[in-house]
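**Q** One file: target23.cif (mmCIF, C-alpha atoms).
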data_input
#
loop_
_atom_site.label_atom_id
_atom_site.label_comp_id
_atom_site.auth_asym_id
_atom_site.auth_seq_id
_atom_site.Cartn_x
_atom_site.Cartn_y
_atom_site.Cartn_z
CA MET I 1 0.00 0.00 0.00
CA PHE I 2 1.37 3.36 -1.07
CA GLY I 3 -0.91 6.02 0.35
CA TYR I 4 -1.73 9.18 -1.61
CA VAL I 5 -0.62 7.64 -4.90
CA GLU I 6 -2.84 5.76 -7.33
CA GLY I 7 -1.94 2.17 -8.20
CA GLU I 8 -2.12 2.40 -11.98
CA ALA I 9 0.18 5.43 -11.98
CA ILE I 10 2.77 3.36 -10.08
CA LEU I 11 2.28 0.50 -12.53
CA ILE I 12 2.85 2.63 -15.63
CA ASP I 13 5.78 4.50 -14.09
CA LEU I 14 7.52 1.25 -13.12
CA SER I 15 6.80 -0.34 -16.49
CA GLN I 16 8.79 2.48 -18.10
CA LYS I 17 11.76 1.29 -16.04
CA GLY I 18 11.34 -2.32 -17.09
CA ILE I 19 9.51 -3.47 -13.95
CA TYR I 20 6.14 -5.13 -14.46
CA VAL I 21 3.66 -5.22 -11.61
CA SER I 22 -0.12 -5.38 -11.41
CA THR I 23 -2.86 -3.44 -9.65
CA GLY I 24 -4.99 -6.45 -8.90
CA SER I 25 -5.43 -10.14 -9.42
CA ALA I 26 -5.69 -11.52 -12.94
CA CYS I 27 -9.31 -12.49 -12.36
CA SER I 28 -10.27 -8.85 -11.81
CA ALA I 29 -8.10 -7.44 -14.61
CA THR I 30 -11.08 -6.30 -16.65
CA ASN I 31 -12.81 -4.32 -13.94
CA LEU I 32 -11.60 -1.15 -12.30
CA LYS I 33 -13.26 -1.79 -8.95
CA ALA I 34 -11.26 -1.72 -5.75
CA SER I 35 -10.25 -5.09 -4.36
CA TYR I 36 -12.83 -6.69 -2.06
CA VAL I 37 -10.04 -8.72 -0.49
CA LEU I 38 -8.14 -5.62 0.60
CA SER I 39 -11.32 -4.12 1.94
CA ALA I 40 -12.09 -7.36 3.82
CA ILE I 41 -8.72 -7.31 5.57
CA GLY I 42 -9.60 -3.88 6.92
CA LEU I 43 -7.86 -1.43 4.61
CA GLU I 44 -9.46 2.00 4.83
CA LYS I 45 -11.56 3.13 1.87
CA HIS I 46 -9.28 5.94 0.80
CA PHE I 47 -6.33 3.57 0.55
CA LEU I 48 -8.07 0.98 -1.63
CA ASN I 49 -6.81 2.48 -4.89
CA SER I 50 -3.21 2.79 -3.78
CA ASN I 51 -2.00 -0.78 -4.11
CA ILE I 52 0.15 -2.84 -6.40
CA ARG I 53 0.97 -6.52 -6.46
CA PHE I 54 4.48 -7.83 -6.99
CA SER I 55 4.79 -11.34 -8.35
CA LEU I 56 8.10 -13.13 -7.99
CA GLY I 57 9.35 -16.27 -9.68
CA ARG I 58 12.15 -18.65 -8.80
CA PHE I 59 14.38 -17.05 -11.44
CA ASN I 60 14.22 -13.53 -10.04
CA THR I 61 17.57 -12.38 -8.65
CA LYS I 62 18.62 -10.19 -5.72
CA THR I 63 19.96 -7.62 -8.19
CA GLU I 64 16.51 -7.33 -9.74
CA ILE I 65 14.90 -6.86 -6.35
CA ASP I 66 17.44 -4.20 -5.36
CA TYR I 67 16.79 -2.41 -8.66
CA THR I 68 13.03 -2.60 -8.07
CA VAL I 69 13.30 -1.15 -4.57
CA LYS I 70 15.43 1.72 -5.87
CA CYS I 71 13.04 2.49 -8.73
CA LEU I 72 9.97 2.14 -6.52
CA ALA I 73 11.28 4.76 -4.10
CA GLN I 74 11.84 7.21 -6.98
CA THR I 75 8.41 6.52 -8.46
CA ILE I 76 6.52 7.01 -5.20
CA LYS I 77 8.48 10.16 -4.39
CA ARG I 78 7.73 11.65 -7.80
CA LEU I 79 4.01 10.83 -7.74
CA ARG I 80 3.58 12.03 -4.16
CA SER I 81 5.25 15.32 -5.01
CA PHE I 82 2.08 16.43 -6.81
CA SER I 83 -0.57 14.48 -4.93
CA PRO I 84 -3.39 16.74 -3.68
CA VAL I 85 -4.19 14.54 -0.74
CA GLU I 86 -3.51 16.02 2.63
CA LYS I 87 -1.20 13.83 4.62
CA ILE I 88 -3.27 12.29 7.37
CA MET T 1 -4.86 -6.41 -19.92
CA ALA T 2 -2.45 -3.99 -21.48
CA LEU T 3 -3.44 -0.40 -21.96
CA ASN T 4 -2.14 1.23 -25.08
CA TYR T 5 -1.17 4.76 -24.21
CA THR T 6 0.23 6.95 -26.96
CA LYS T 7 3.77 8.26 -26.70
CA LYS T 8 2.42 11.74 -26.04
CA THR T 9 0.23 10.47 -23.18
CA LEU T 10 3.20 8.68 -21.63
CA ASN T 11 5.41 11.75 -21.98
CA ASN T 12 2.79 13.91 -20.32
CA PHE T 13 2.54 11.38 -17.50
CA LEU T 14 6.29 10.99 -17.02
CA LYS T 15 7.02 14.71 -17.27
CA PRO T 16 3.77 16.48 -16.47
CA LYS T 17 3.58 20.24 -16.98
CA ASN T 18 2.02 22.73 -14.58
CA VAL T 19 2.05 20.51 -11.51
CA GLY T 20 1.87 22.19 -8.13
CA SER T 21 -0.42 24.64 -6.42
CA ILE T 22 -0.90 28.42 -6.46
CA LYS T 23 -1.06 30.38 -3.24
CA LYS T 24 -4.09 32.71 -3.17
CA PRO T 25 -5.58 31.47 -6.46
CA ASP T 26 -8.28 33.47 -8.29
CA GLY T 27 -10.15 30.24 -8.86
CA TYR T 28 -9.92 26.79 -7.30
CA ALA T 29 -11.79 23.51 -7.67
CA GLN T 30 -11.46 19.91 -6.60
CA ILE T 31 -13.05 17.10 -8.52
CA GLY T 32 -13.28 13.39 -7.74
CA ASN T 33 -12.02 11.77 -4.57
CA MET T 34 -9.58 9.18 -3.29
CA VAL T 35 -12.24 6.54 -2.75
CA CYS T 36 -13.22 6.63 -6.44
CA GLY T 37 -9.59 6.45 -7.39
CA ASP T 38 -9.12 9.80 -9.09
CA GLN T 39 -8.88 13.30 -7.76
CA LEU T 40 -7.76 16.53 -9.39
CA ASP T 41 -7.27 19.98 -7.90
CA PHE T 42 -7.07 23.00 -10.21
CA PHE T 43 -5.68 26.42 -9.34
CA LEU T 44 -6.19 29.48 -11.54
CA LYS T 45 -4.60 32.87 -11.75
CA VAL T 46 -6.52 35.24 -14.00
CA GLU T 47 -5.43 38.60 -15.35
CA LYS T 48 -7.46 40.84 -17.68
CA GLY T 49 -9.87 38.01 -18.51
CA LYS T 50 -7.07 35.65 -19.48
CA ILE T 51 -5.68 32.61 -17.72
CA LYS T 52 -2.31 33.85 -16.63
CA ASP T 53 -1.35 30.69 -14.78
CA VAL T 54 -2.93 27.34 -14.11
CA LYS T 55 -1.64 24.48 -11.97
CA PHE T 56 -2.93 21.12 -10.86
CA LEU T 57 -2.41 18.40 -8.29
CA SER T 58 -3.36 14.81 -9.03
CA PHE T 59 -4.19 11.61 -7.25
CA GLY T 60 -4.94 9.37 -10.16
CA CYS T 61 -3.82 7.04 -12.89
CA ALA T 62 -1.40 7.81 -15.69
CA SER T 63 -4.07 9.20 -18.00
CA ASN T 64 -5.52 11.35 -15.20
CA ILE T 65 -2.13 13.03 -14.83
CA ALA T 66 -1.51 13.22 -18.60
CA THR T 67 -4.90 14.76 -19.44
CA ALA T 68 -4.56 17.40 -16.71
CA SER T 69 -1.06 18.19 -17.96
CA ILE T 70 -2.09 18.65 -21.59
CA LEU T 71 -5.26 20.54 -20.67
CA THR T 72 -3.41 23.05 -18.51
CA GLU T 73 -0.82 23.49 -21.27
CA LYS T 74 -3.54 24.24 -23.79
CA VAL T 75 -5.65 26.69 -21.78
CA LYS T 76 -2.78 28.70 -20.36
CA GLY T 77 -2.95 32.14 -21.96
CA MET T 78 -6.49 31.59 -23.24
CA THR T 79 -9.35 33.94 -22.47
CA ILE T 80 -11.82 32.63 -19.89
CA ALA T 81 -14.48 32.37 -22.62
CA ALA T 82 -12.23 30.28 -24.86
CA ALA T 83 -11.04 28.05 -21.99
CA LYS T 84 -14.67 27.30 -21.08
CA LYS T 85 -15.27 26.00 -24.60
CA TYR T 86 -12.26 23.67 -24.60
CA ASN T 87 -13.77 20.18 -24.51
CA TRP T 88 -12.65 16.68 -23.66
CA GLN T 89 -12.71 15.58 -27.30
CA GLN T 90 -9.99 18.12 -27.97
CA VAL T 91 -7.96 16.77 -25.04
CA VAL T 92 -8.23 13.22 -26.36
CA ALA T 93 -7.31 14.34 -29.89
CA GLU T 94 -4.35 16.30 -28.55
CA LEU T 95 -2.99 13.15 -26.88
CA GLY T 96 -3.49 11.15 -30.07
CA GLY T 97 -6.28 9.10 -28.50
CA LEU T 98 -6.92 7.43 -25.15
CA PRO T 99 -7.88 3.83 -24.33
CA GLN T 100 -11.67 3.63 -24.14
CA GLN T 101 -11.84 2.90 -20.41
CA LYS T 102 -9.67 5.97 -19.79
CA VAL T 103 -11.68 8.52 -21.76
CA HIS T 104 -13.50 9.50 -18.54
CA CYS T 105 -10.20 10.99 -17.30
CA SER T 106 -10.34 13.66 -19.99
CA VAL T 107 -13.99 14.38 -19.18
CA MET T 108 -13.12 14.78 -15.51
CA ALA T 109 -10.16 17.07 -16.21
CA VAL T 110 -12.30 19.36 -18.39
CA GLN T 111 -15.08 19.41 -15.76
CA GLY T 112 -12.58 20.21 -13.02
CA LEU T 113 -11.17 23.14 -14.96
CA LYS T 114 -14.70 24.44 -15.65
CA ARG T 115 -15.46 24.29 -11.93
CA ALA T 116 -12.33 26.29 -11.19
CA ILE T 117 -13.45 28.88 -13.76
CA ASN T 118 -16.93 28.93 -12.16
CA ASP T 119 -15.28 29.51 -8.81
CA TYR T 120 -13.32 32.40 -10.31
CA GLU T 121 -16.49 33.91 -11.77
CA LYS T 122 -18.33 33.56 -8.46
CA ARG T 123 -15.54 35.33 -6.65
CA GLU T 124 -15.57 38.09 -9.28
CA SER T 125 -19.32 38.60 -9.02
CA LYS T 126 -19.01 38.84 -5.23
CA LYS T 127 -16.28 41.43 -5.57
CA LYS T 128 -18.41 43.86 -7.58
CA PRO T 129 -21.27 44.38 -5.09
CA ALA T 130 -18.68 44.71 -2.34
CA VAL T 131 -17.24 47.70 -4.14
CA LYS T 132 -20.69 49.24 -4.43
CA LYS T 133 -21.33 48.73 -0.72
CA ILE T 134 -18.14 50.55 0.17
CA LYS T 135 -19.15 53.40 -2.08
CA LYS T 136 -22.56 53.58 -0.45
CA ALA T 137 -21.03 53.47 3.00
CA THR T 138 -18.64 56.26 2.20
CA SER T 139 -21.39 58.33 0.71
CA LYS T 140 -23.48 57.81 3.86
CA LYS T 141 -20.55 58.84 5.99
CA ALA T 142 -20.04 61.83 3.79
CA ALA T 143 -23.72 62.64 4.12
CA LYS T 144 -23.50 62.36 7.94
CA LYS T 145 -20.51 64.63 7.99
CA ILE T 146 -22.40 67.12 5.96
CA THR T 147 -25.41 66.92 8.28
CA LYS T 148 -23.14 67.23 11.34
CA LYS T 149 -21.60 70.33 9.91
CA ARG T 150 -25.03 71.76 9.47
#
Is it possible to express this structure as structure tokens?
**A**
Amino acid sequence: MFGYVEGEAILIDLSQKGIYVSTGSACSATNLKASYVLSAIGLEKHFLNSNIRFSLGRFNTKTEIDYTVKCLAQTIKRLRSFSPVEKI
Amino acid sequence: MALNYTKKTLNNFLKPKNVGSIKKPDGYAQIGNMVCGDQLDFFLKVEKGKIKDVKFLSFGCASNIATASILTEKVKGMTIAAAKKYNWQQVVAELGGLPQQKVHCSVMAVQGLKRAINDYEKRESKKKPAVKKIKKATSKKAAKKITKKR
């Protein structure tokens, strides 16, 4: 969960850096509704659109993960810099 | 499900123009909310009936950011009347098209800007009677002074 930033924006930004994530499960790929699973585990309403899912395989390396973490920090920082949402 | 954004849309998302806020704006509006998944805030600075500066803040997807960026680029320097007529079809055309499920972003951006213009016009219309009131008040004072003198 990355508060104050929208999931799809994170997805597109990361995809430009060669990192591919998703905003929801494959079975809900065609709808834009917020995840009922996340809401069931108690995530507050205004954070339901701020999530991405990372999928890892056995062939992913530590280097790739380090690169992802570095890029993710940049992406979130950039998107938050012009987010209108007051920090709660 | 891959979304096919045009190069121009991606560029406007990766390097959006006019992001930020304006202190003491002449017009301001917020549209959408976090629960729905998109929110835009528009700030206007107007001078002599023209949009001198316009800025936006965004909580939204890539096309939400890109449409607000291109829209603000286009209306900057326009007269208020011309900016009001700028429609979402023009935004979509300017970006070279948007995926169908993302067209609503352009509609929302245009609506948000219109609300900010409405806010500006409301503030302007409130300013005018205020000026008249002051004039009346001063004239009453002046009248009292005159009567006191008498």
**Q** Chain I residues within 9 Å of chain T, counting only C-alpha atoms: which ones, as a PDB file with C-alpha atoms, in the coordinates of the input?
**A**
ATOM      1  CA  TYR I   4      -1.730   9.180  -1.610  1.00  0.00           C
ATOM      2  CA  VAL I   5      -0.620   7.640  -4.900  1.00  0.00           C
ATOM      3  CA  GLU I   6      -2.840   5.760  -7.330  1.00  0.00           C
ATOM      4  CA  GLY I   7      -1.940   2.170  -8.200  1.00  0.00           C
ATOM      5  CA  GLU I   8      -2.120   2.400 -11.980  1.00  0.00           C
ATOM      6  CA  ALA I   9       0.180   5.430 -11.980  1.00  0.00           C
ATOM      7  CA  ILE I  10       2.770   3.360 -10.080  1.00  0.00           C
ATOM      8  CA  LEU I  11       2.280   0.500 -12.530  1.00  0.00           C
ATOM      9  CA  ILE I  12       2.850   2.630 -15.630  1.00  0.00           C
ATOM     10  CA  ASP I  13       5.780   4.500 -14.090  1.00  0.00           C
ATOM     11  CA  GLN I  16       8.790   2.480 -18.100  1.00  0.00           C
ATOM     12  CA  ALA I  26      -5.690 -11.520 -12.940  1.00  0.00           C
ATOM     13  CA  ALA I  29      -8.100  -7.440 -14.610  1.00  0.00           C
ATOM     14  CA  THR I  30     -11.080  -6.300 -16.650  1.00  0.00           C
ATOM     15  CA  LYS I  33     -13.260  -1.790  -8.950  1.00  0.00           C
ATOM     16  CA  ALA I  34     -11.260  -1.720  -5.750  1.00  0.00           C
ATOM     17  CA  LYS I  45     -11.560   3.130   1.870  1.00  0.00           C
ATOM     18  CA  HIS I  46      -9.280   5.940   0.800  1.00  0.00           C
ATOM     19  CA  PHE I  47      -6.330   3.570   0.550  1.00  0.00           C
ATOM     20  CA  LEU I  48      -8.070   0.980  -1.630  1.00  0.00           C
ATOM     21  CA  ASN I  49      -6.810   2.480  -4.890  1.00  0.00           C
ATOM     22  CA  SER I  50      -3.210   2.790  -3.780  1.00  0.00           C
ATOM     23  CA  LEU I  79       4.010  10.830  -7.740  1.00  0.00           C
ATOM     24  CA  ARG I  80       3.580  12.030  -4.160  1.00  0.00           C
ATOM     25  CA  SER I  81       5.250  15.320  -5.010  1.00  0.00           C
ATOM     26  CA  PHE I  82       2.080  16.430  -6.810  1.00  0.00           C
ATOM     27  CA  SER I  83      -0.570  14.480  -4.930  1.00  0.00           C
ATOM     28  CA  PRO I  84      -3.390  16.740  -3.680  1.00  0.00           C
ATOM     29  CA  VAL I  85      -4.190  14.540  -0.740  1.00  0.00           C
TER      30      VAL I  85
END
**Q** I'd like the neighbourhood of Pro25 (chain T) as a PyMOL selection string, where a residue qualifies if any of its atoms comes within 6 Å (using all atoms listed in the file), though same-chain residues fewer than 6 positions away should be ignored.
**A** chain T and resi 43-45
**Q** Find the residue from T:Gln111, T:Asp119, T:Ala82, T:Lys17 that sits nearest to Asp53 (chain T); use only C-alpha atoms when measuring.
**A**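 So, comparing all the options, the nearest one is T:Lys17.
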**Q** Of the candidates T:Lys50, T:Lys128, T:Lys8, T:Arg123, which shows the shortest atom-to-atom distance to Ala81 (chain T), using only C-alpha atoms?
**A**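 Closest to Ala81 (chain T), using only C-alpha atoms: T:Lys50.
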**Q** With the file shown as input, list the residues that the PyMOL selection byres ((chain T and resi 117) around 8) selects, as a PDB file with C-alpha atoms, keeping the file's coordinate frame.
**A**
ATOM      1  CA  GLY T  27     -10.150  30.240  -8.860  1.00  0.00           C
ATOM      2  CA  TYR T  28      -9.920  26.790  -7.300  1.00  0.00           C
ATOM      3  CA  LEU T  44      -6.190  29.480 -11.540  1.00  0.00           C
ATOM      4  CA  ILE T  80     -11.820  32.630 -19.890  1.00  0.00           C
ATOM      5  CA  LYS T  84     -14.670  27.300 -21.080  1.00  0.00           C
ATOM      6  CA  LEU T 113     -11.170  23.140 -14.960  1.00  0.00           C
ATOM      7  CA  LYS T 114     -14.700  24.440 -15.650  1.00  0.00           C
ATOM      8  CA  ARG T 115     -15.460  24.290 -11.930  1.00  0.00           C
ATOM      9  CA  ALA T 116     -12.330  26.290 -11.190  1.00  0.00           C
ATOM     10  CA  ASN T 118     -16.930  28.930 -12.160  1.00  0.00           C
ATOM     11  CA  ASP T 119     -15.280  29.510  -8.810  1.00  0.00           C
ATOM     12  CA  TYR T 120     -13.320  32.400 -10.310  1.00  0.00           C
ATOM     13  CA  GLU T 121     -16.490  33.910 -11.770  1.00  0.00           C
TER      14      GLU T 121
END
**Q** In Å, with one decimal, what is the gap from CA of Lys127 (chain T) to CA of Leu71 (chain T)?
**A** 28.0 Å
**Q** Applied to the shown file, which residues does the PyMOL selection byres ((chain I and resi 23) around 6) return, written as number ranges by chain?
**A** I: 7, 22, 24, 52-53
**Q** Counting all atoms listed in the file, what is within 8 Å of Thr67 (chain T), bar same-chain residues fewer than 3 positions away, as a PDB file with C-alpha atoms, keeping the file's coordinate frame?
**A**
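What follows is the written file selection33.pdb:
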ATOM      1  CA  THR T   9       0.230  10.470 -23.180  1.00  0.00           C
ATOM      2  CA  ASN T  12       2.790  13.910 -20.320  1.00  0.00           C
ATOM      3  CA  SER T  63      -4.070   9.200 -18.000  1.00  0.00           C
ATOM      4  CA  ASN T  64      -5.520  11.350 -15.200  1.00  0.00           C
ATOM      5  CA  ILE T  70      -2.090  18.650 -21.590  1.00  0.00           C
ATOM      6  CA  LEU T  71      -5.260  20.540 -20.670  1.00  0.00           C
ATOM      7  CA  VAL T  91      -7.960  16.770 -25.040  1.00  0.00           C
ATOM      8  CA  VAL T  92      -8.230  13.220 -26.360  1.00  0.00           C
ATOM      9  CA  LEU T  95      -2.990  13.150 -26.880  1.00  0.00           C
ATOM     10  CA  CYS T 105     -10.200  10.990 -17.300  1.00  0.00           C
ATOM     11  CA  SER T 106     -10.340  13.660 -19.990  1.00  0.00           C
ATOM     12  CA  ALA T 109     -10.160  17.070 -16.210  1.00  0.00           C
TER      13      ALA T 109
END
**Q** Can you tell me how far CA of Asn60 (chain I) sits from CA of Lys17 (chain I), in Å to one decimal?
**A**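 Calculated distance between CA of Asn60 (chain I) and CA of Lys17 (chain I) is 16.2 Å.
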**Q** Report, in Å to a single decimal, how far apart CA of Ala83 (chain T) and CA of Ile51 (chain T) are.
**A** 8.2 Å
**Q** Could you list, as a ChimeraX atom specification, every residue within 10 Å of Leu56 (chain I), counting only C-alpha atoms and ignoring same-chain residues fewer than 4 positions away?
**A** /I:21,60-61,65
**Q** What does the file look like for those residues with C-alpha atoms, as a tab-separated table (two decimals), in the frame of the given file?
**A**
chain	number	residue	atom	x	y	z
I	21	VAL	CA	3.66	-5.22	-11.61
I	60	ASN	CA	14.22	-13.53	-10.04
I	61	THR	CA	17.57	-12.38	-8.65
I	65	ILE	CA	14.90	-6.86	-6.35
**Q** Measuring atom to atom with only C-alpha atoms, identify which of T:Thr6, T:Asn87, T:Lys24, T:Asn11 is nearest to Ser69 (chain T).
**A**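 Using only C-alpha atoms, Ser69 (chain T) sits closest to T:Asn11.
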